[in-house]
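One file, upload.txt, carrying compact mmCIF, C-alpha atoms:
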# COMPACT_ATOMS: atom_id res chain seq x y z
CA MET A 10 7.88 23.51 -1.89
CA GLY A 11 10.27 20.99 -0.36
CA TYR A 12 11.20 23.06 2.68
CA LEU A 13 7.63 24.14 3.44
CA SER A 14 6.28 20.60 3.13
CA ARG A 15 8.98 19.17 5.40
CA LEU A 16 8.35 21.87 7.97
CA ALA A 17 4.59 21.24 7.92
CA THR A 18 5.10 17.49 8.21
CA PHE A 19 7.55 17.89 11.11
CA PHE A 20 5.25 20.35 12.91
CA GLY A 21 2.29 18.00 12.45
CA LEU A 22 4.26 15.04 13.77
CA VAL A 23 5.31 17.04 16.84
CA LEU A 24 1.67 17.96 17.46
CA LEU A 25 0.62 14.34 16.99
CA ALA A 26 3.25 13.15 19.45
CA HIS A 27 2.09 15.77 21.94
CA ALA A 28 -1.54 14.64 21.53
CA GLY A 29 -0.49 11.04 22.11
CA TYR A 30 1.49 11.98 25.20
CA SER A 31 -1.42 14.05 26.52
CA ALA A 32 -3.80 11.15 25.98
CA HIS A 33 -1.42 8.83 27.82
CA GLU A 34 -1.08 11.23 30.74
CA HIS A 35 -4.84 11.70 30.90
CA THR A 36 -5.47 7.97 31.12
CA LEU A 37 -2.79 7.58 33.81
CA LEU A 38 -4.18 10.39 35.93
CA HIS A 39 -7.76 9.21 35.72
CA SER A 40 -7.21 5.45 35.83
CA ASN A 41 -7.20 5.27 39.64
CA GLU A 42 -10.35 7.29 40.13
CA ARG A 43 -13.72 5.58 40.27
CA LEU A 44 -15.56 7.60 37.69
CA ALA A 45 -18.46 6.84 35.45
CA SER A 46 -17.54 5.25 32.14
CA SER A 47 -18.60 8.36 30.22
CA SER A 48 -16.03 10.52 32.01
CA LEU A 49 -13.15 8.23 31.00
CA ALA A 50 -13.29 9.59 27.45
CA LEU A 51 -10.52 11.87 26.25
CA PRO A 52 -11.06 15.60 26.59
CA HIS A 53 -12.10 17.44 23.46
CA ASP A 54 -8.89 19.48 23.25
CA ILE A 55 -6.77 16.32 22.93
CA VAL A 56 -9.04 14.88 20.25
CA ILE A 57 -9.04 18.16 18.31
CA GLU A 58 -5.26 18.43 18.58
CA ALA A 59 -4.84 14.90 17.22
CA LEU A 60 -7.19 15.55 14.30
CA VAL A 61 -5.58 18.89 13.42
CA SER A 62 -2.13 17.33 13.56
CA LEU A 63 -3.22 14.54 11.20
CA VAL A 64 -4.52 17.12 8.74
CA ILE A 65 -1.26 19.09 8.94
CA VAL A 66 0.83 15.94 8.39
CA SER A 67 -1.35 14.95 5.44
CA VAL A 68 -1.04 18.39 3.85
CA GLY A 69 2.74 18.34 4.35
CA LEU A 70 3.06 14.92 2.74
CA VAL A 71 0.85 15.86 -0.20
CA LEU A 72 2.78 19.08 -0.81
CA GLY A 73 6.08 17.19 -0.71
CA ALA A 74 5.01 14.45 -3.12
CA PRO A 75 6.49 14.57 -6.62
CA LYS A 76 4.28 15.54 -9.55
CA LEU A 77 2.19 12.70 -10.91
CA LYS A 78 3.02 11.39 -14.33
CA PRO A 79 0.28 10.53 -16.82
CA VAL A 80 -0.11 6.79 -16.91
CA SER A 81 -1.38 4.80 -19.84
CA TRP A 82 -1.66 1.04 -19.54
CA SER A 83 -0.69 0.45 -23.16
CA GLU A 84 2.43 2.62 -22.87
CA TRP A 85 3.49 0.80 -19.70
CA ALA A 86 2.95 -2.62 -21.25
CA GLY A 87 4.81 -1.58 -24.41
CA GLN A 88 7.74 -0.32 -22.38
CA ILE A 89 7.96 -3.62 -20.51
CA GLU A 90 7.88 -5.56 -23.78
CA ARG A 91 10.64 -3.37 -25.28
CA GLU A 92 12.86 -3.91 -22.25
CA GLY A 93 12.58 -7.66 -22.64
CA GLY A 94 10.56 -8.28 -19.53
CA ALA A 95 13.31 -7.34 -17.08
CA ARG A 96 10.92 -5.12 -15.11
CA ASN A 97 7.84 -7.27 -15.71
CA PRO A 98 6.18 -7.67 -12.29
CA TYR A 99 4.32 -10.77 -13.48
CA ARG A 100 7.35 -12.62 -14.83
CA ARG A 101 7.77 -14.68 -11.67
CA LEU A 102 4.25 -16.02 -12.03
CA ASP A 103 5.09 -17.54 -15.41
CA GLU A 104 8.48 -18.92 -14.35
CA ARG A 105 7.58 -20.53 -11.03
CA TYR A 106 7.82 -24.26 -10.56
CA GLY A 107 4.62 -26.17 -10.89
CA PHE A 108 2.91 -23.47 -12.93
CA TRP A 109 0.25 -25.07 -15.08
CA ASP A 110 0.37 -23.66 -18.59
CA VAL A 111 -3.24 -23.74 -19.75
CA ARG A 112 -2.50 -22.99 -23.40
CA ALA A 113 0.10 -25.74 -23.68
CA LYS A 114 -2.19 -28.25 -21.98
CA ARG A 115 -5.09 -27.23 -24.25
CA LYS A 116 -2.90 -27.74 -27.35
CA GLU A 117 -1.65 -31.05 -25.98
CA PHE A 118 -5.23 -32.21 -25.39
CA ALA A 119 -6.31 -31.10 -28.89
CA ASP A 120 -3.40 -33.03 -30.40
CA TRP A 121 -4.33 -36.07 -28.34
CA VAL A 122 -7.95 -35.87 -29.51
CA LYS A 123 -6.80 -35.66 -33.12
CA GLY A 124 -4.50 -38.61 -32.56
CA ASP A 125 -1.36 -36.71 -33.57
CA ILE A 126 0.61 -37.72 -30.48
CA PRO A 127 2.33 -41.09 -30.80
CA LYS A 128 1.70 -43.49 -27.96
CA ALA A 129 4.67 -44.13 -25.73
How does the structure come out when it is put into structure tokens?
Amino acid sequence: MGYLSRLATFFGLVLLAHAGYSAHEHTLLHSNERLASSSLALPHDIVIEALVSLVIVSVGLVLGAPKLKPVSWSEWAGQIEREGGARNPYRRLDERYGFWDVRAKRKEFADWVKGDIPKA
């Protein structure tokens, strides 16, 4: 479906560009006339062309998208752990400067309360 989806997307984009150009021309032609504010709206054919072109572009993009893979959070997390965290998107949060490690501070406070930490 690659060729059909690309063709539909291209055709939809051409229609969308034509609708945009038509809207621009319409506003230029009617900007000098002193008309009521209700007549300054775009004609229905331009609006319909824009909406139809958006639907065609959307259909073309959906048809051209690759098949979705089943996603399981536990499988994804296990894969990241097996790879050693190289692809972990949250790794930078743990390694940034000034990051306050709550667990370490909690353990440090518990040790201080128990009196296990020698005074400096």
**Request:** Would you mind reading off the distance between CA of Thr36 (chain A) and CA of Asp54 (chain A), one decimal, in Å?
**Result:**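 Taking CA of Thr36 (chain A) as the start and CA of Asp54 (chain A) as the end point, the length is 14.4 Å.
With only C-alpha atoms as the atoms that count, the residue of A:Pro98, A:Gly124, A:Pro52, A:Gly21 with the shortest distance to Glu34 (chain A) is A:Pro52.
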**Prompt:** Can you tell me, as an NGL selection string, what residues are no more than 9 Å from Leu24 (chain A) when counting all atoms listed in the file, ignoring any on the same chain fewer than 4 positions away?
**Reply:** :A and (19-20 or 28-29 or 58-59 or 61-63)
Based on the selection just made, write C-alpha atoms of those residues as a PDB file, in the frame of the given file.
ATOM      1  CA  PHE A  19       7.550  17.890  11.110  1.00  0.00           C
ATOM      2  CA  PHE A  20       5.250  20.350  12.910  1.00  0.00           C
ATOM      3  CA  ALA A  28      -1.540  14.640  21.530  1.00  0.00           C
ATOM      4  CA  GLY A  29      -0.490  11.040  22.110  1.00  0.00           C
ATOM      5  CA  GLU A  58      -5.260  18.430  18.580  1.00  0.00           C
ATOM      6  CA  ALA A  59      -4.840  14.900  17.220  1.00  0.00           C
ATOM      7  CA  VAL A  61      -5.580  18.890  13.420  1.00  0.00           C
ATOM      8  CA  SER A  62      -2.130  17.330  13.560  1.00  0.00           C
ATOM      9  CA  LEU A  63      -3.220  14.540  11.200  1.00  0.00           C
TER      10      LEU A  63
END
**Complete:** From CA of Gln88 (chain A) to CA of Val111 (chain A) the spacing works out at 26.0 Å
**Message:** I'd like the interatomic distance between CA of Ala50 (chain A) and CA of His27 (chain A), to a tenth of an Å.
**Reply:**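 These two atoms are separated by 17.5 Å.
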**Request:** In the coordinate frame of the file, compute which residues have an atom within 10 Å of (-1.0, 21.8, 7.2) when using all atoms listed in the file, and state them as a list in words.
**Result:**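 These residues have at least one counted atom within 10 Å: Leu13, Ser14, Leu16, Ala17, Thr18, Phe20, Gly21, Val61, Ser62, Leu63, Val64, Ile65, Val66, Ser67, Val68, Gly69, Leu70, Val71 and Leu72 of chain A.
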Box for region 63-80 of chain A - axis-aligned, 3 Å on each of the six sides, all listed atoms - centre and size in Å to one decimal, as AutoDock Vina command-line options.
--center_x 1.0 --center_y 12.9 --center_z -2.9 --size_x 17.0 --size_y 18.3 --size_z 34.1
**Request:** Rank nothing, just name the residue among A:Ala113, A:Ala32, A:Ala119, A:Ile89 nearest to Ile57 (chain A), using only C-alpha atoms.
**Result:**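 Result for the nearest residue to Ile57 (chain A): A:Ala32.
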